[in-house]
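Undergrad: Handing you this structure, nothing more for now.
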Amino acid sequence: MKILVTGAAGFIGSYVSHSLLGMGHEVTGIDCLNDYYDPALKVARLDSLRPLQGFEFIEMDLNEINSRKSELGEFEIIIHLAAQAGVRYSIQNPFAYADSNLSGHLNVLEFARGHARSPLVIYASSSSVYGNNSTPPYKETEFVNKPVSLYAATKIAAEAMSYSYASLYGLRQIGLRFFTVYGPWGRPDMAYWGFSEAILSGKPIKVFNNGKLRRDFTYIDDIVDGITRIATRGAHFETVPHKIYNIGNNNPVELMTFIETLETALGKKAIKEFLPMQKGDVFETCADITAISDDYGFKPTTDIKTGLQNFADWFLGWREV
Ligand SMILES: NC(=O)c1ccc[n+]([C@@H]2O[C@H](COP(=O)([O-])OP(=O)(O)OC[C@H]3O[C@@H](n4cnc5c(N)ncnc54)[C@H](O)[C@@H]3O)[C@@H](O)[C@H]2O)c1
């Protein structure tokens, strides 16, 4: 199949591209390579993709996708992962979220709508849409209208835009609510990376809400398995062709357990600075994954100990480069 991956230089996009190319699909990756975090990491991820047969990369902003569509052609599947990620950054840079997650998302929908044959669009949403009012484990059927960050607000808005395109134009779409994805080649803005950097350089780590937080950490290979299952098996819709699935581990870990596991993986103890709850954060995330398990046989297999050890082994090497 011919597949477009947006955000191909990003953490999840680069893994998904690798996996699809390994299955023999053709992948066109786009990314604007912005400097939200060190672009050298994005370039390094791309360097591992460029030599692979069937891969093409075009540096492009989502907001250019329609004006430059002749460079892209048509696709059977569009995996839309490019976004302005991160909860905390949305406090200082709100307009980056409007550009990438609202206008950028709309541009992808318009691009897909213009295809002669309706492609399946698989797009990234987030567990953050559940906010602090939902009761874990979160189900896709919950009403989500109380985001506690602008990032979450843009993800809810993107889901709503997608639904409207499915309803108006029959554009087939699946939205995936990812739950804290981690692993080698991960994101420097995420806690596991920041903690690792601080632990190894003997600096204190900030433990918010005095450690009383729980997160449903999902290992990258499990996420990729879920995405590729959908891409290769396709989707069946009953009415409006739009579905949302949680994709998580369904096994939340206490922050303190997470820190201890990371300390073991890195072979060094953390200096902990206990702080109150941060604005925009949620207390607990936990995915109910019944729907994606029933429809696609999705079953995460990587526990936190194995996943963090894989990350730590990679991270120690990456720091030396
Ligand atoms: N990693 C997680 O834990 C997690 C959790 C929930 C949701 N998500 C979502 O999954 C998707 C992928 O996340 P990730 O962790 O790989 O993030 P990432 O930041 O590593 O990857 C996103 C990529 O999109 C690119 N990008 C951003 N704005 C763009 C634009 N306007 N035009 C073109 N490219 C643009 C960035 O340069 C980056 O390479 C995002 O939509 C994110 O919101 C991720």
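Residue numbering restarts at 1 in every chain; chains get A, B, ... in the order shown in the structure tokens, and ligands count up from 1 in that same order.
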Would you return as an mmCIF file with N, CA and C atoms, in the first residue's frame the members of range 43-85 of chain A that DSSP assigns to alpha helix (DSSP H) on this structure's backbone?
TA:
data_model
loop_
_atom_site.group_PDB
_atom_site.id
_atom_site.type_symbol
_atom_site.label_atom_id
_atom_site.label_comp_id
_atom_site.auth_asym_id
_atom_site.auth_seq_id
_atom_site.Cartn_x
_atom_site.Cartn_y
_atom_site.Cartn_z
ATOM 1 N N VAL A 43 16.426 14.427 12.999
ATOM 2 C CA VAL A 43 17.275 14.132 11.832
ATOM 3 C C VAL A 43 17.869 12.730 11.975
ATOM 4 N N ALA A 44 18.277 12.365 13.182
ATOM 5 C CA ALA A 44 18.856 11.026 13.405
ATOM 6 C C ALA A 44 17.806 9.944 13.152
ATOM 7 N N ARG A 45 16.558 10.202 13.583
ATOM 8 C CA ARG A 45 15.501 9.202 13.301
ATOM 9 C C ARG A 45 15.309 9.047 11.795
ATOM 10 N N LEU A 46 15.322 10.216 11.093
ATOM 11 C CA LEU A 46 15.146 10.172 9.632
ATOM 12 C C LEU A 46 16.306 9.466 8.947
ATOM 13 N N ASP A 47 17.507 9.666 9.471
ATOM 14 C CA ASP A 47 18.686 9.037 8.871
ATOM 15 C C ASP A 47 18.551 7.521 8.869
ATOM 16 N N SER A 48 17.862 6.984 9.880
ATOM 17 C CA SER A 48 17.708 5.524 9.918
ATOM 18 C C SER A 48 16.632 5.060 8.930
ATOM 19 N N LEU A 49 15.767 5.988 8.492
ATOM 20 C CA LEU A 49 14.699 5.630 7.553
ATOM 21 C C LEU A 49 15.119 5.818 6.097
#
Undergrad: Residues within 9 Å of Gln309 in chain A, please, as number ranges by chain. Count only C-alpha atoms; anything in the same chain fewer than 3 positions from it doesn't count.
TA: A: 261-262, 264-266, 304-306, 312-314
Undergrad: For Ala166 in chain A, list every protein, DNA or RNA residue within 9 Å, evaluated using only C-alpha atoms, and leave out those in the same chain fewer than 4 positions away; present the list as a list in words.
TA: Met161, Ser162, Gly170, Leu171, Arg172, Gln173, Val240, Pro241 and His242 of chain A
Undergrad: Given only C-alpha atoms as the basis, pick out the residue of A:Phe111, A:Phe55, A:Phe237, A:Phe143 nearest to Phe75 in chain A.
TA: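 Among A:Phe111, A:Phe55, A:Phe237, A:Phe143, it is A:Phe111 that comes nearest to Phe75 in chain A.
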Undergrad: Between atom 8 (N, counted along the ligand's line) of ligand 1 and CA of Gly73 in chain A, what is the distance, to one decimal in Å?
TA: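 The value is 26.2 Å.
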Undergrad: I need the residue nearest Arg233 in chain A from this list: A:Gly297, A:Gly248, A:Gly131, A:Pro137. Use only C-alpha atoms for the distance.
TA: A:Gly297
Undergrad: Just list as a list in words whatever in range 62-112 of chain A DSSP marks as strand (DSSP E).
TA: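 Everything in range 62-112 of chain A that counts as strand (DSSP E) is Ile77, Ile78, Ile79 and His80 of chain A.
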Undergrad: Neighbours of Pro276 in chain A within 8 Å (only C-alpha atoms; same-chain residues fewer than 3 positions away dropped), as a list in words?
TA: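 After dropping sequence-adjacent residues, the list is Phe208, Asn209 and Asn210 of chain A.
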Undergrad: When the cut-off is 8 Å and you count only C-alpha atoms and all ligand atoms, which residues lie near ligand 1, shown as an NGL selection string?
TA: :A and (6-14 or 30-37 or 39 or 42 or 59-63 or 80-86 or 96 or 99-101 or 104 or 123-128 or 155 or 177-182 or 186-187 or 190 or 218)
Undergrad: For those residues, write C-alpha atoms to a file as an mmCIF file, in the first residue's frame.
TA:
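Contents of part_16.cif, freshly written:
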data_model
loop_
_atom_site.group_PDB
_atom_site.id
_atom_site.type_symbol
_atom_site.label_atom_id
_atom_site.label_comp_id
_atom_site.auth_asym_id
_atom_site.auth_seq_id
_atom_site.Cartn_x
_atom_site.Cartn_y
_atom_site.Cartn_z
ATOM 1 C CA THR A 6 2.753 12.868 8.953
ATOM 2 C CA GLY A 7 5.244 13.568 11.738
ATOM 3 C CA ALA A 8 7.552 10.892 10.285
ATOM 4 C CA ALA A 9 10.597 12.401 12.016
ATOM 5 C CA GLY A 10 8.788 12.290 15.348
ATOM 6 C CA PHE A 11 9.022 9.581 17.957
ATOM 7 C CA ILE A 12 5.943 7.537 17.050
ATOM 8 C CA GLY A 13 5.970 8.447 13.325
ATOM 9 C CA SER A 14 9.515 7.175 12.799
ATOM 10 C CA ILE A 30 6.366 14.519 5.957
ATOM 11 C CA ASP A 31 7.507 16.647 8.891
ATOM 12 C CA CYS A 32 8.399 20.308 9.403
ATOM 13 C CA LEU A 33 11.319 19.374 11.704
ATOM 14 C CA ASN A 34 10.483 22.134 14.164
ATOM 15 C CA ASP A 35 12.679 22.859 17.175
ATOM 16 C CA TYR A 36 10.178 22.100 19.946
ATOM 17 C CA TYR A 37 12.905 19.666 21.002
ATOM 18 C CA PRO A 39 15.933 18.677 15.780
ATOM 19 C CA LYS A 42 14.510 14.104 14.446
ATOM 20 C CA GLU A 59 10.087 18.454 4.608
ATOM 21 C CA MET A 60 6.717 20.155 4.799
ATOM 22 C CA ASP A 61 4.447 21.873 7.280
ATOM 23 C CA LEU A 62 0.938 20.428 7.655
ATOM 24 C CA ASN A 63 -0.385 23.812 6.642
ATOM 25 C CA HIS A 80 -1.535 11.543 10.804
ATOM 26 C CA LEU A 81 0.788 11.851 13.776
ATOM 27 C CA ALA A 82 2.285 15.337 13.341
ATOM 28 C CA ALA A 83 1.168 17.684 16.083
ATOM 29 C CA GLN A 84 2.383 20.120 18.648
ATOM 30 C CA ALA A 85 2.691 17.716 21.564
ATOM 31 C CA GLY A 86 3.250 18.355 25.262
ATOM 32 C CA ALA A 96 1.822 26.578 18.216
ATOM 33 C CA ASP A 99 -1.246 26.109 14.042
ATOM 34 C CA SER A 100 -0.425 22.400 14.136
ATOM 35 C CA ASN A 101 -3.330 20.744 15.938
ATOM 36 C CA GLY A 104 -2.787 21.547 10.574
ATOM 37 C CA TYR A 123 -4.945 10.113 13.415
ATOM 38 C CA ALA A 124 -3.384 10.691 16.837
ATOM 39 C CA SER A 125 -5.451 11.908 19.712
ATOM 40 C CA SER A 126 -4.503 11.698 23.369
ATOM 41 C CA SER A 127 -5.505 10.379 26.782
ATOM 42 C CA SER A 128 -5.365 14.011 27.923
ATOM 43 C CA LYS A 155 -7.080 17.225 20.599
ATOM 44 C CA ARG A 177 -6.074 8.177 22.053
ATOM 45 C CA PHE A 178 -2.489 7.357 23.008
ATOM 46 C CA PHE A 179 -1.597 6.880 26.657
ATOM 47 C CA THR A 180 1.945 8.092 27.607
ATOM 48 C CA VAL A 181 4.114 6.426 25.001
ATOM 49 C CA TYR A 182 7.767 5.732 25.893
ATOM 50 C CA GLY A 186 11.608 8.898 22.664
ATOM 51 C CA ARG A 187 10.773 12.512 23.367
ATOM 52 C CA MET A 190 8.681 13.735 28.522
ATOM 53 C CA THR A 218 2.585 2.310 26.853
#
Undergrad: Find the residues near Pro188 in chain A: any atom within 9 Å, counting only C-alpha atoms, skip ones fewer than 4 places away on the same chain, and give them as a list in words.
TA: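 What passes the distance filter is Tyr37, Asp38, Tyr192, Trp193 and Gly194 of chain A.
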Undergrad: Restricting the calculation to only C-alpha atoms: of A:Gly183, A:Ile174, A:Asn132, A:Thr228, which residue gets closest to Glu284 in chain A?
TA: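 Closest to Glu284 in chain A, using only C-alpha atoms: A:Asn132.
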Undergrad: With only C-alpha atoms as the atoms that count, which of A:Ser201, A:Lys279, A:Glu263, A:Ser118 lies nearest to Leu150 in chain A?
TA: A:Lys279
Undergrad: Could you tell me which of A:Ala270, A:Ile78, A:Ile259, A:Val16 comes closest to Met1 in chain A if we count only C-alpha atoms?
TA: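 Under the stated criterion, the closest residue is A:Ile78.
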Undergrad: Select, from A:Gly175, A:Pro300, A:Gly280, A:Gly54, the residue with the minimum atom-to-atom distance to Ile220 in chain A, counting only C-alpha atoms.
TA: A:Pro300
Undergrad: CA of Ala153 in chain A to CA of Leu176 in chain A: how many Å, to one decimal?
TA: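 So the answer is 15.5 Å.
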Undergrad: Could you check how far CA of Asn249 in chain A sits from CA of Leu41 in chain A, in Å to one decimal?
TA: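 Between these atoms lies a distance of 25.9 Å.
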